[in-house]
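Visitor: Next comes final-v1.cif, mmCIF, C-alpha atoms:
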```
data_final
#
loop_
_atom_site.label_atom_id
_atom_site.label_comp_id
_atom_site.auth_asym_id
_atom_site.auth_seq_id
_atom_site.Cartn_x
_atom_site.Cartn_y
_atom_site.Cartn_z
CA MET G 1258 18.60 -19.34 -20.22
CA MET G 1259 15.57 -17.04 -20.59
CA LEU G 1260 17.07 -14.43 -18.25
CA ASP G 1261 20.04 -13.84 -20.55
CA THR G 1262 23.19 -11.93 -19.69
CA GLY G 1263 21.96 -8.78 -21.42
CA PHE G 1264 18.81 -8.66 -19.30
CA LEU G 1265 20.71 -9.46 -16.10
CA LYS G 1266 23.20 -6.70 -16.88
CA ARG G 1267 20.39 -4.17 -17.34
CA ILE G 1268 18.73 -5.05 -14.04
CA ALA G 1269 22.04 -5.38 -12.14
CA PRO G 1270 21.64 -2.03 -10.29
CA TYR G 1271 18.23 -3.09 -8.99
CA ILE G 1272 19.23 -6.55 -7.74
CA GLU G 1273 22.51 -5.47 -6.17
CA PRO G 1274 21.33 -6.25 -2.59
CA LEU G 1275 20.81 -9.95 -3.39
CA THR G 1276 23.44 -12.41 -2.21
CA LYS G 1277 24.93 -14.90 -4.67
CA GLU G 1278 22.58 -17.62 -3.39
CA GLU G 1279 19.56 -15.32 -3.51
CA LEU G 1280 20.43 -14.26 -7.04
CA ALA G 1281 20.61 -17.88 -8.21
CA GLU G 1282 17.19 -18.54 -6.68
CA TYR G 1283 15.82 -15.34 -8.21
CA ILE G 1284 17.00 -16.33 -11.69
CA ALA G 1285 15.50 -19.82 -11.37
CA GLU G 1286 12.16 -18.44 -10.20
CA GLY G 1287 12.24 -15.83 -12.95
CA GLU G 1288 12.75 -18.42 -15.66
CA GLU G 1289 9.89 -20.53 -14.28
CA SER G 1290 7.67 -17.43 -14.13
CA VAL G 1291 8.48 -16.67 -17.77
CA ARG G 1292 7.41 -20.19 -18.75
CA ILE G 1293 4.18 -19.97 -16.76
CA ARG G 1294 3.12 -16.63 -18.22
CA GLU G 1295 4.17 -17.62 -21.74
CA ALA G 1296 1.70 -20.51 -21.52
CA GLU G 1297 -0.91 -17.93 -20.53
CA GLY G 1298 -0.23 -15.69 -23.51
CA VAL G 1299 2.47 -13.30 -22.24
CA SER G 1300 5.62 -13.52 -24.36
CA PRO G 1301 9.00 -13.87 -22.62
CA ALA G 1302 10.15 -10.53 -24.05
CA GLU G 1303 7.00 -8.81 -22.79
CA TYR G 1304 7.31 -10.37 -19.34
CA LEU G 1305 10.97 -9.44 -18.91
CA GLN G 1306 10.23 -5.89 -20.06
CA LEU G 1307 7.67 -5.65 -17.24
CA VAL G 1308 10.33 -6.70 -14.76
CA GLU G 1309 12.78 -4.14 -16.09
CA ASN G 1310 10.10 -1.44 -16.19
CA ILE G 1311 9.69 -1.64 -12.41
CA GLY G 1312 13.30 -0.62 -11.92
CA LEU G 1313 13.17 2.01 -14.65
CA TYR G 1314 10.04 3.61 -13.19
CA LEU G 1315 11.25 3.62 -9.60
CA GLY G 1316 14.57 5.05 -10.75
CA LYS G 1317 13.04 7.94 -12.66
CA THR G 1318 10.55 8.78 -9.86
CA THR G 1319 13.12 8.86 -7.04
CA GLY G 1320 15.07 12.00 -6.19
CA ALA G 1321 14.69 14.85 -8.69
CA GLY G 1322 11.95 12.94 -10.54
CA PHE G 1323 9.77 12.39 -7.48
CA ASP G 1324 6.28 13.87 -7.61
CA SER G 1325 2.98 13.30 -5.87
CA HIS G 1326 -0.55 14.49 -5.38
CA TYR G 1327 -1.72 15.15 -1.87
CA GLN G 1328 -4.74 16.22 0.14
CA LYS G 1329 -4.49 18.17 3.39
CA ILE G 1330 -7.60 17.44 5.42
CA PRO G 1331 -8.33 19.39 8.62
CA LEU G 1332 -9.51 17.27 11.53
CA ARG G 1333 -10.84 18.14 14.98
CA ASN G 1334 -8.68 19.81 17.64
CA ASP G 1335 -6.14 21.27 15.21
CA LYS G 1336 -5.11 17.95 13.72
CA THR G 1337 -4.44 17.48 10.01
CA LEU G 1338 -4.48 14.39 7.83
CA LEU G 1339 -2.01 14.56 4.96
CA VAL G 1340 -2.69 11.86 2.35
CA VAL G 1341 0.07 11.48 -0.23
CA GLN G 1342 -0.37 9.60 -3.51
CA LEU G 1343 3.16 8.35 -4.13
CA PRO G 1344 4.39 8.01 -7.72
CA GLY G 1345 4.91 4.26 -7.65
CA GLY G 1346 2.64 2.76 -5.05
CA GLY G 1347 0.13 3.02 -2.26
CA ASN G 1348 -0.81 6.14 -0.34
CA MET G 1349 1.09 7.34 2.71
CA ASN G 1350 -1.23 8.78 5.37
CA VAL G 1351 0.34 11.23 7.81
CA PHE G 1352 -1.53 12.50 10.87
CA LEU G 1353 -0.14 15.82 12.10
CA THR G 1354 -1.01 16.34 15.77
CA SER G 1355 0.27 18.22 18.81
CA GLU G 1356 1.53 14.86 20.12
CA GLY G 1357 3.62 14.13 17.05
CA LYS G 1358 2.94 12.27 13.85
CA MET G 1359 1.20 8.99 13.11
CA ILE G 1360 2.00 7.23 9.82
CA LEU G 1361 -0.50 4.83 8.31
CA ASP G 1362 1.31 2.95 5.51
CA THR G 1363 4.80 4.04 4.60
CA GLY G 1364 5.31 3.77 0.86
CA TYR G 1365 8.39 2.19 -0.73
CA GLY G 1366 11.71 2.30 1.08
CA CYS G 1367 13.30 4.12 -1.88
CA TYR G 1368 10.89 7.05 -1.44
CA PHE G 1369 11.55 7.73 2.25
CA ASN G 1370 13.92 10.67 1.75
CA ASP G 1371 11.74 12.08 -1.01
CA CYS G 1372 8.70 11.96 1.26
CA GLU G 1373 10.54 13.74 4.05
CA ARG G 1374 11.66 16.49 1.66
CA MET G 1375 8.08 16.81 0.48
CA LEU G 1376 6.78 17.15 4.05
CA ARG G 1377 9.21 19.99 4.68
CA SER G 1378 8.18 21.65 1.43
CA VAL G 1379 4.46 21.62 2.28
CA GLY G 1380 5.00 22.85 5.83
CA ALA G 1381 4.55 19.53 7.63
CA GLY G 1382 7.98 19.22 9.26
CA ASP G 1383 9.89 15.95 9.00
CA PHE G 1384 9.76 12.39 10.32
CA SER G 1385 11.75 12.99 13.52
CA ASP G 1386 8.57 13.33 15.59
CA VAL G 1387 6.82 10.20 14.29
CA LYS G 1388 5.38 8.41 17.33
CA PHE G 1389 3.22 5.69 15.80
CA VAL G 1390 3.44 3.69 12.54
CA VAL G 1391 0.85 1.21 11.25
CA CYS G 1392 1.27 -1.00 8.18
CA THR G 1393 -2.00 -2.32 6.77
CA HIS G 1394 -0.39 -5.20 4.85
CA GLY G 1395 2.82 -6.70 3.58
CA ASP G 1396 3.14 -5.27 0.06
CA ALA G 1397 6.27 -3.14 -0.34
CA ASP G 1398 4.35 0.00 -1.30
CA HIS G 1399 2.57 -0.08 2.06
CA CYS G 1400 5.29 -1.18 4.48
CA GLY G 1401 8.58 -0.87 2.61
CA ALA G 1402 9.87 2.20 4.45
CA ALA G 1403 8.78 1.02 7.91
CA GLY G 1404 12.34 0.47 9.09
CA HIS G 1405 13.32 4.09 8.46
CA PHE G 1406 11.02 5.53 11.13
CA PRO G 1407 12.07 6.11 14.77
CA VAL G 1408 9.44 3.71 16.20
CA LEU G 1409 8.60 0.06 15.59
CA PRO G 1410 5.69 -0.40 13.15
CA VAL G 1411 2.48 -2.14 14.14
CA MET G 1412 1.17 -4.88 11.85
CA HIS G 1413 -0.82 -8.11 11.87
CA PRO G 1414 1.26 -11.17 12.87
CA VAL G 1415 0.46 -12.77 9.51
CA THR G 1416 1.96 -9.74 7.77
CA LYS G 1417 5.25 -10.23 9.62
CA ALA G 1418 5.21 -13.95 8.78
CA LEU G 1419 4.54 -13.06 5.13
CA LEU G 1420 7.50 -10.68 5.08
CA GLU G 1421 9.78 -13.32 6.60
CA ASP G 1422 8.54 -15.89 4.07
CA GLY G 1423 9.42 -13.54 1.22
CA SER G 1424 6.27 -14.08 -0.83
CA ARG G 1425 3.05 -12.07 -0.95
CA GLY G 1426 1.34 -15.40 -1.64
CA TYR G 1427 2.12 -16.61 1.89
CA ALA G 1428 -0.84 -18.38 3.55
CA SER G 1429 -2.81 -18.02 0.30
CA PRO G 1430 -2.19 -21.04 -1.94
CA ASN G 1431 -3.67 -20.16 -5.31
CA GLY G 1432 -1.51 -22.16 -7.70
CA ARG G 1433 0.59 -19.10 -8.54
CA GLU G 1434 3.19 -19.42 -5.81
CA ILE G 1435 6.21 -19.11 -8.12
CA LEU G 1436 4.78 -15.99 -9.77
CA GLU G 1437 3.98 -14.46 -6.37
CA LYS G 1438 7.48 -15.21 -5.05
CA PHE G 1439 9.32 -13.85 -8.10
CA TYR G 1440 7.23 -10.68 -8.13
CA THR G 1441 7.71 -10.19 -4.38
CA THR G 1442 11.49 -10.54 -4.61
CA THR G 1443 11.51 -8.16 -7.57
CA ILE G 1444 9.48 -5.41 -5.96
CA ASN G 1445 10.98 -5.74 -2.48
CA THR G 1446 14.53 -5.60 -3.85
CA TYR G 1447 14.06 -2.95 -6.53
CA SER G 1448 12.18 -0.64 -4.13
CA ARG G 1449 14.74 -1.16 -1.32
CA MET G 1450 12.33 -2.54 1.25
CA ASN G 1451 13.35 -1.73 4.82
CA VAL G 1452 11.24 -3.42 7.48
CA PRO G 1453 12.79 -3.88 10.95
CA ALA G 1454 13.39 -7.40 12.23
CA THR G 1455 11.33 -6.55 15.31
CA VAL G 1456 7.82 -5.13 14.99
CA ARG G 1457 4.75 -4.71 17.18
CA PHE G 1458 1.74 -6.94 16.61
CA CYS G 1459 -1.89 -5.97 16.69
CA LYS G 1460 -4.25 -8.28 18.52
CA THR G 1461 -6.08 -10.91 16.48
CA GLU G 1462 -8.94 -12.21 18.62
CA PRO G 1463 -12.34 -10.80 17.56
CA ILE G 1464 -13.85 -8.25 19.94
CA GLY G 1465 -16.72 -7.19 17.69
CA LYS G 1466 -18.05 -7.18 14.15
CA ARG G 1467 -18.47 -4.67 11.35
CA GLY G 1468 -20.49 -6.56 8.79
CA LEU G 1469 -18.43 -9.51 7.56
CA PHE G 1470 -15.27 -8.14 9.17
CA SER G 1471 -14.11 -8.95 12.67
CA VAL G 1472 -12.96 -6.05 14.83
CA ILE G 1473 -9.73 -7.40 16.30
CA ASP G 1474 -8.10 -4.44 18.07
CA THR G 1475 -8.21 -0.72 18.74
CA PHE G 1476 -5.39 1.79 18.35
CA ALA G 1477 -5.34 5.12 20.20
CA PHE G 1478 -3.27 8.10 19.17
CA ALA G 1479 -3.68 11.76 20.13
CA ASP G 1480 -7.46 12.02 20.68
CA MET G 1481 -8.26 9.43 18.01
CA ARG G 1482 -9.32 5.82 18.52
CA PHE G 1483 -9.13 3.47 15.57
CA GLU G 1484 -10.99 0.21 15.17
CA VAL G 1485 -8.88 -2.46 13.47
CA TRP G 1486 -10.84 -4.76 11.17
CA ALA G 1487 -9.45 -8.03 9.85
CA SER G 1488 -9.80 -8.42 6.10
CA LEU G 1489 -10.99 -11.65 4.53
CA GLY G 1490 -7.62 -12.06 2.78
CA GLY G 1491 -8.74 -11.36 -0.77
CA HIS G 1492 -5.91 -9.00 -1.67
CA ILE G 1493 -3.25 -10.50 0.59
CA ALA G 1494 -3.15 -12.43 3.86
CA GLY G 1495 -2.93 -10.32 7.02
CA GLN G 1496 -4.42 -7.13 5.58
CA VAL G 1497 -6.33 -4.90 8.01
CA PHE G 1498 -8.67 -1.94 7.65
CA LEU G 1499 -8.96 0.95 10.12
CA TYR G 1500 -11.95 3.06 11.09
CA GLU G 1501 -11.93 6.21 13.24
CA PRO G 1502 -15.58 6.95 14.08
CA ASP G 1503 -15.18 10.41 15.63
CA GLU G 1504 -13.36 11.75 12.56
CA GLY G 1505 -15.36 9.60 10.13
CA LEU G 1506 -12.26 8.09 8.49
CA LEU G 1507 -12.29 4.65 6.86
CA PHE G 1508 -8.93 3.31 5.67
CA THR G 1509 -9.61 0.48 3.25
CA SER G 1510 -6.02 -0.31 2.23
CA ASP G 1511 -5.97 -2.06 -1.16
CA ALA G 1512 -9.45 -3.54 -0.88
CA LEU G 1513 -10.88 -0.26 -2.25
CA LEU G 1514 -9.00 1.90 -4.76
CA ASN G 1515 -9.98 5.06 -6.60
CA PHE G 1516 -8.23 4.29 -9.88
CA ALA G 1517 -10.07 7.10 -11.67
CA THR G 1518 -7.96 9.63 -9.73
CA LEU G 1519 -4.59 8.10 -10.63
CA THR G 1520 -2.40 9.73 -13.24
CA LYS G 1521 -1.88 7.65 -16.37
CA GLU G 1522 1.74 7.00 -15.39
CA ARG G 1523 0.76 5.70 -11.94
CA ALA G 1524 -2.08 3.62 -13.34
CA ASP G 1525 0.24 2.08 -15.93
CA TYR G 1526 2.81 1.29 -13.26
CA SER G 1527 0.13 -0.21 -10.99
CA SER G 1528 -0.85 -2.59 -13.79
CA ILE G 1529 2.58 -4.23 -13.87
CA ALA G 1530 1.87 -6.46 -10.86
CA ASP G 1531 -1.34 -7.75 -12.46
CA SER G 1532 0.51 -8.47 -15.69
CA MET G 1533 3.33 -10.31 -13.94
CA ILE G 1534 1.21 -12.41 -11.58
CA GLY G 1535 -2.11 -12.60 -13.40
CA SER G 1536 -3.94 -10.83 -10.56
CA VAL G 1537 -2.67 -8.69 -7.73
CA ASN G 1538 -5.33 -10.30 -5.50
CA VAL G 1539 -4.41 -13.69 -4.08
CA ASN G 1540 -8.11 -14.61 -4.17
CA SER G 1541 -10.11 -12.55 -6.66
CA GLU G 1542 -13.54 -13.78 -5.59
CA THR G 1543 -12.84 -13.00 -1.93
CA ALA G 1544 -11.52 -9.60 -2.98
CA ARG G 1545 -14.82 -8.89 -4.77
CA ILE G 1546 -16.75 -9.85 -1.63
CA GLU G 1547 -14.59 -7.50 0.42
CA ARG G 1548 -15.14 -4.61 -1.97
CA ARG G 1549 -18.91 -5.08 -1.94
CA GLU G 1550 -18.99 -5.33 1.84
CA LEU G 1551 -16.79 -2.29 2.37
CA MET G 1552 -18.99 -0.24 0.06
CA ARG G 1553 -22.12 -1.46 1.86
CA ILE G 1554 -20.67 -0.56 5.26
CA ALA G 1555 -19.40 2.76 3.92
CA LYS G 1556 -22.92 3.70 2.80
CA GLU G 1557 -24.30 2.87 6.24
CA LEU G 1558 -21.60 4.83 8.06
CA ASP G 1559 -22.00 7.78 5.69
CA SER G 1560 -25.76 7.86 6.33
CA GLU G 1561 -25.13 7.93 10.08
CA LEU G 1562 -22.57 10.71 9.77
CA LYS G 1563 -24.83 12.79 7.52
CA ARG G 1564 -27.28 13.08 10.40
CA THR G 1565 -24.62 15.05 12.28
CA GLY G 1566 -23.65 17.15 9.26
CA ARG G 1567 -20.53 15.14 8.43
CA ARG G 1568 -19.42 12.72 5.73
CA LEU G 1569 -17.49 9.49 5.74
CA LEU G 1570 -14.05 9.99 4.21
CA ILE G 1571 -12.91 6.85 2.40
CA CYS G 1572 -9.13 6.70 2.41
CA CYS G 1573 -8.27 4.18 -0.30
CA GLY G 1574 -5.02 2.30 -0.69
CA HIS G 1575 -4.39 4.12 -3.98
CA GLY G 1576 -5.99 7.29 -5.27
CA ALA G 1577 -7.69 10.31 -3.74
CA VAL G 1578 -9.49 10.40 -0.41
CA SER G 1579 -13.11 10.11 -1.48
CA ILE G 1580 -16.72 10.43 -0.45
CA LEU G 1581 -19.72 8.63 -1.90
CA ASP G 1582 -21.54 10.62 -4.58
CA GLU G 1583 -25.29 10.55 -5.19
CA ASN G 1584 -24.86 7.31 -7.16
CA GLY G 1585 -22.90 5.64 -4.40
CA MET G 1586 -19.62 5.89 -6.31
CA LEU G 1587 -16.24 7.14 -5.07
CA SER G 1588 -15.72 10.84 -5.74
CA PRO G 1589 -12.69 12.90 -4.59
CA TYR G 1590 -13.36 14.66 -1.28
CA SER G 1591 -11.15 17.56 -2.33
CA GLU G 1592 -9.01 18.47 -5.31
CA PRO G 1593 -5.55 16.97 -4.77
CA LEU G 1594 -2.62 19.38 -4.82
CA TYR G 1595 0.51 18.67 -6.84
CA TYR G 1596 4.08 18.45 -5.59
CA ALA G 1597 7.19 17.96 -7.71
CA ALA G 1598 10.69 17.65 -6.27
CA GLY G 1599 12.19 19.55 -9.17
CA SER G 1600 10.06 22.63 -8.50
CA SER G 1601 10.19 22.70 -4.71
#
```
Output the structure of this file as structure tokens.
Guide:
Amino acid sequence: MMLDTGFLKRIAPYIEPLTKEELAEYIAEGEESVRIREAEGVSPAEYLQLVENIGLYLGKTTGAGFDSHYQKIPLRNDKTLLVVQLPGGGNMNVFLTSEGKMILDTGYGCYFNDCERMLRSVGAGDFSDVKFVVCTHGDADHCGAAGHFPVLPVMHPVTKALLEDGSRGYASPNGREILEKFYTTTINTYSRMNVPATVRFCKTEPIGKRGLFSVIDTFAFADMRFEVWASLGGHIAGQVFLYEPDEGLLFTSDALLNFATLTKERADYSSIADSMIGSVNVNSETARIERRELMRIAKELDSELKRTGRRLLICCGHGAVSILDENGMLSPYSEPLYYAAGSS
């Protein structure tokens, strides 16, 4: 057995939520994943260390070890956008308004309490007044805490189906289904994913176009109105992007990332999924098309906003909120501030 008793004992705290039947399936899928990646040049020892490293990293960055970088961006009519780069995953975007809070992507379930303590520390209250939650896609670092909030999250129907299926490869056959399933079970379990059984669905029928992307819905909150764009499915099936034209905010989820602004520790952790699966994108070529198209649209929108003295703020799935520099590259909009639980 490739997943020997020593390894299983070390990861036991992380896989505790699995039932006996789920654990047997997990072990079988893990052994098959080891064989697949070994044939592709990743040794069994290296692969299993990646699996264990997920639990080790999440453990050391939860509670007293939690830290983050964040940007507080003033918006119109006394609103504020707080964008938090979490230590082990995607950004959590918190809109602070007189009508309560809106959360766009929730981070891992294991970070929920840490995020609430951070909000209090930076003068942003807590999560009791959250009125609206949107999850851009089904990866645990973007929807894993959704069940902790006092309202049902909104997501694409395919995202909910993906979560029920238990594999981020759902609806995206790419020949790596076992790898996708084993990674999904690992990350969802280790990070204590909490998504409610009942959610709210966005609409899916096209009502317009933004370049290659169909506009499928609009969300209104406070005095903001968000366009919902359907992705092409390059990163994961069911992913959506959001655009708020009056504030000039484009939320690209994981189709655009500003890796240059990640700390080394977060960048190293982010690379684990690629190493385990082979690529974090279920379709790499489609993902490249999405990136090019989002950058093309971003340049057009930024040019339009410049005529009114504003800039397009590109809110990536990971990394700092950015603007386009003179070379058309992502550059931080503002210097992120640092928060550490141990010093708050």
Visitor: Near Ala1524 of chain G, counting all atoms listed in the file, which residues have an atom at most 10 Å away, once you skip same-chain residues fewer than 4 positions from it, shown as a PyMOL selection string?
Guide: chain G and resi 1344-1346+1516-1520+1528-1529+1575-1576
Visitor: Determine the residue membership of the PyMOL selection byres ((chain G and resi 1534-1542) around 6) for the file above and supply it as a ChimeraX atom specification.
Guide: /G:1436,1491-1493,1530-1533,1543-1545
Visitor: Identify which of the residues G:Gly1380, G:Gly1298, G:Gly1468, G:Gly1423 lies closest to Leu1339 of chain G, counting all atoms listed in the file when measuring atom-to-atom distances.
Guide: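 The answer is G:Gly1380, which sits nearest to Leu1339 of chain G.
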Visitor: Name the residues in contact with Glu1484 of chain G at a cut-off of 8 Å, using all atoms listed in the file, excluding same-chain residues fewer than 3 positions from it; report them as a ChimeraX atom specification.
Guide: /G:1472-1476,1499-1501
Visitor: Quick check, in Å to one decimal: how far apart do atom CA of Val1291 of chain G and atom CA of Ser1424 of chain G lie?
Guide: 17.3 Å
Visitor: May I ask which of the residues G:His1413, G:Asp1503, G:Leu1275, G:Ala1477 is the closest one to Lys1460 of chain G, counting all atoms listed in the file?
Guide: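 Result for the nearest residue to Lys1460 of chain G: G:His1413.
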Visitor: Between atom CA of Gln1306 of chain G and atom CA of Glu1278 of chain G, what is the distance in Å, rounded to a tenth?
Guide: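 Atom-to-atom, atom CA of Gln1306 of chain G to atom CA of Glu1278 of chain G, that is 23.8 Å.
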Visitor: Let me have the centre and edge lengths of the axis-aligned box enclosing all listed atoms of segment 1456-1466 of chain G with 8 Å padding on every side, in Å to one decimal, as JSON.
Guide:
```
{"center_x": -5.1, "center_y": -8.5, "center_z": 17.0, "size_x": 41.9, "size_y": 23.5, "size_z": 21.8}
```
Visitor: Which of these, G:Tyr1283, G:Phe1352, G:Phe1439, G:Trp1486, has the shortest distance to Asp1335 of chain G once you count only C-alpha atoms?
Guide: G:Phe1352
Visitor: Please complete segment 1489-1498 of chain G so it has all heavy atoms, and hand it over as a PDB file, in the coordinates of the input.
Guide:
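Written out: part.pdb:
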```pdb
ATOM      1  N   LEU G1489     -10.707 -10.245   4.827  1.00  0.00           N
ATOM      2  CA  LEU G1489     -10.990 -11.650   4.530  1.00  0.00           C
ATOM      3  C   LEU G1489      -9.835 -12.302   3.763  1.00  0.00           C
ATOM      4  O   LEU G1489      -9.893 -13.487   3.446  1.00  0.00           O
ATOM      5  CB  LEU G1489     -12.284 -11.767   3.715  1.00  0.00           C
ATOM      6  CG  LEU G1489     -13.529 -11.118   4.329  1.00  0.00           C
ATOM      7  CD1 LEU G1489     -14.746 -11.307   3.415  1.00  0.00           C
ATOM      8  CD2 LEU G1489     -13.819 -11.660   5.716  1.00  0.00           C
ATOM      9  N   GLY G1490      -8.802 -11.521   3.455  1.00  0.00           N
ATOM     10  CA  GLY G1490      -7.620 -12.060   2.780  1.00  0.00           C
ATOM     11  C   GLY G1490      -7.713 -12.099   1.277  1.00  0.00           C
ATOM     12  O   GLY G1490      -6.956 -12.824   0.640  1.00  0.00           O
ATOM     13  N   GLY G1491      -8.596 -11.332   0.687  1.00  0.00           N
ATOM     14  CA  GLY G1491      -8.740 -11.360  -0.770  1.00  0.00           C
ATOM     15  C   GLY G1491      -7.557 -10.769  -1.503  1.00  0.00           C
ATOM     16  O   GLY G1491      -7.093 -11.316  -2.503  1.00  0.00           O
ATOM     17  N   HIS G1492      -7.060  -9.634  -1.019  1.00  0.00           N
ATOM     18  CA  HIS G1492      -5.910  -9.000  -1.670  1.00  0.00           C
ATOM     19  C   HIS G1492      -4.614  -9.677  -1.254  1.00  0.00           C
ATOM     20  O   HIS G1492      -3.767  -9.999  -2.093  1.00  0.00           O
ATOM     21  CB  HIS G1492      -5.861  -7.515  -1.319  1.00  0.00           C
ATOM     22  CG  HIS G1492      -4.679  -6.796  -1.889  1.00  0.00           C
ATOM     23  ND1 HIS G1492      -4.463  -6.666  -3.239  1.00  0.00           N
ATOM     24  CD2 HIS G1492      -3.615  -6.171  -1.274  1.00  0.00           C
ATOM     25  CE1 HIS G1492      -3.343  -5.995  -3.447  1.00  0.00           C
ATOM     26  NE2 HIS G1492      -2.800  -5.700  -2.285  1.00  0.00           N
ATOM     27  N   ILE G1493      -4.468  -9.905   0.045  1.00  0.00           N
ATOM     28  CA  ILE G1493      -3.250 -10.500   0.590  1.00  0.00           C
ATOM     29  C   ILE G1493      -3.553 -10.911   2.035  1.00  0.00           C
ATOM     30  O   ILE G1493      -4.366 -10.268   2.714  1.00  0.00           O
ATOM     31  CB  ILE G1493      -2.092  -9.469   0.543  1.00  0.00           C
ATOM     32  CG1 ILE G1493      -0.750 -10.118   0.834  1.00  0.00           C
ATOM     33  CG2 ILE G1493      -2.362  -8.298   1.454  1.00  0.00           C
ATOM     34  CD1 ILE G1493       0.443  -9.179   0.593  1.00  0.00           C
ATOM     35  N   ALA G1494      -2.933 -11.968   2.492  1.00  0.00           N
ATOM     36  CA  ALA G1494      -3.150 -12.430   3.860  1.00  0.00           C
ATOM     37  C   ALA G1494      -2.633 -11.389   4.857  1.00  0.00           C
ATOM     38  O   ALA G1494      -1.608 -10.754   4.635  1.00  0.00           O
ATOM     39  CB  ALA G1494      -2.464 -13.762   4.086  1.00  0.00           C
ATOM     40  N   GLY G1495      -3.368 -11.211   5.960  1.00  0.00           N
ATOM     41  CA  GLY G1495      -2.930 -10.320   7.020  1.00  0.00           C
ATOM     42  C   GLY G1495      -3.333  -8.872   6.863  1.00  0.00           C
ATOM     43  O   GLY G1495      -3.021  -8.035   7.721  1.00  0.00           O
ATOM     44  N   GLN G1496      -4.024  -8.522   5.792  1.00  0.00           N
ATOM     45  CA  GLN G1496      -4.420  -7.130   5.580  1.00  0.00           C
ATOM     46  C   GLN G1496      -5.459  -6.706   6.618  1.00  0.00           C
ATOM     47  O   GLN G1496      -6.341  -7.480   6.995  1.00  0.00           O
ATOM     48  CB  GLN G1496      -5.003  -6.948   4.177  1.00  0.00           C
ATOM     49  CG  GLN G1496      -5.424  -5.514   3.862  1.00  0.00           C
ATOM     50  CD  GLN G1496      -5.781  -5.322   2.406  1.00  0.00           C
ATOM     51  OE1 GLN G1496      -5.122  -4.601   1.675  1.00  0.00           O
ATOM     52  NE2 GLN G1496      -6.830  -5.984   1.971  1.00  0.00           N
ATOM     53  N   VAL G1497      -5.354  -5.460   7.073  1.00  0.00           N
ATOM     54  CA  VAL G1497      -6.330  -4.900   8.010  1.00  0.00           C
ATOM     55  C   VAL G1497      -6.859  -3.581   7.460  1.00  0.00           C
ATOM     56  O   VAL G1497      -6.216  -2.915   6.647  1.00  0.00           O
ATOM     57  CB  VAL G1497      -5.724  -4.677   9.414  1.00  0.00           C
ATOM     58  CG1 VAL G1497      -5.310  -6.005  10.042  1.00  0.00           C
ATOM     59  CG2 VAL G1497      -4.552  -3.703   9.382  1.00  0.00           C
ATOM     60  N   PHE G1498      -8.050  -3.238   7.929  1.00  0.00           N
ATOM     61  CA  PHE G1498      -8.670  -1.940   7.650  1.00  0.00           C
ATOM     62  C   PHE G1498      -8.780  -1.191   8.967  1.00  0.00           C
ATOM     63  O   PHE G1498      -8.849  -1.803  10.036  1.00  0.00           O
ATOM     64  CB  PHE G1498     -10.062  -2.117   7.040  1.00  0.00           C
ATOM     65  CG  PHE G1498     -10.129  -3.130   5.928  1.00  0.00           C
ATOM     66  CD1 PHE G1498     -11.099  -4.129   5.925  1.00  0.00           C
ATOM     67  CD2 PHE G1498      -9.214  -3.116   4.881  1.00  0.00           C
ATOM     68  CE1 PHE G1498     -11.161  -5.077   4.919  1.00  0.00           C
ATOM     69  CE2 PHE G1498      -9.274  -4.050   3.859  1.00  0.00           C
ATOM     70  CZ  PHE G1498     -10.249  -5.040   3.885  1.00  0.00           C
TER      71      PHE G1498
END
```
